[in-house]
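See structure below.
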Amino acid sequence: MARGDGKFDAVLRARRAPGETTVPDGSGDHRRSAYGGGQATSLGKRSNTEYRQVSAYIRKNTHRRVKMALLEEDRQFSELVAELLETWLEERT
């Protein structure tokens with residue numbers, strides 16, 4: 001393999017290129033992502049200041065059963081937790 005023809009070289013070249021570039025999103029479609037200040041704009045919860053990462057201890061069996069049920073419903077764990085917490089808060093008032 002020649003230098004510059006590696007698996008991630010195209011991504012690195014796009015990262016270094018100024019302005020707007022096309023970035024694959026994993027679905028076959030492409031989204032537009034503007035690069036500014038050397039960083040790509042992020043669309044995830046991790047970089048969104050409206051979200052906070054938390055952790056909790058739950059039984060392994062409960063976690064496994066919840067993951068399986070969420071897969072059947074095509075939902076994310078964080079969606080379920082947010083829904084349950086909002087319901088709990090509403091019930092307290």
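Every chain in the structure tokens takes a letter, A first, then B, and so on in the order presented; its residues are numbered from 1, and the ligands are numbered from 1 following the presented order.
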
Practice task
Considering only C-alpha atoms, return as a ChimeraX atom specification whatever protein or nucleic-acid residues lie within 12 Å of stretch 74-81 of chain A, sequence-local ones (same chain, fewer than 5 positions apart) excluded.
Solution key: /A:45-46,51-56,63-69,86-88

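Atom CA of A:Glu73 to atom CA of A:Ile58 spans 20.8 Å [interatomic distance, one decimal].
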
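Note that the spacing between atom CA of A:Leu70 and atom CA of A:Leu85 amounts to 16.7 Å.
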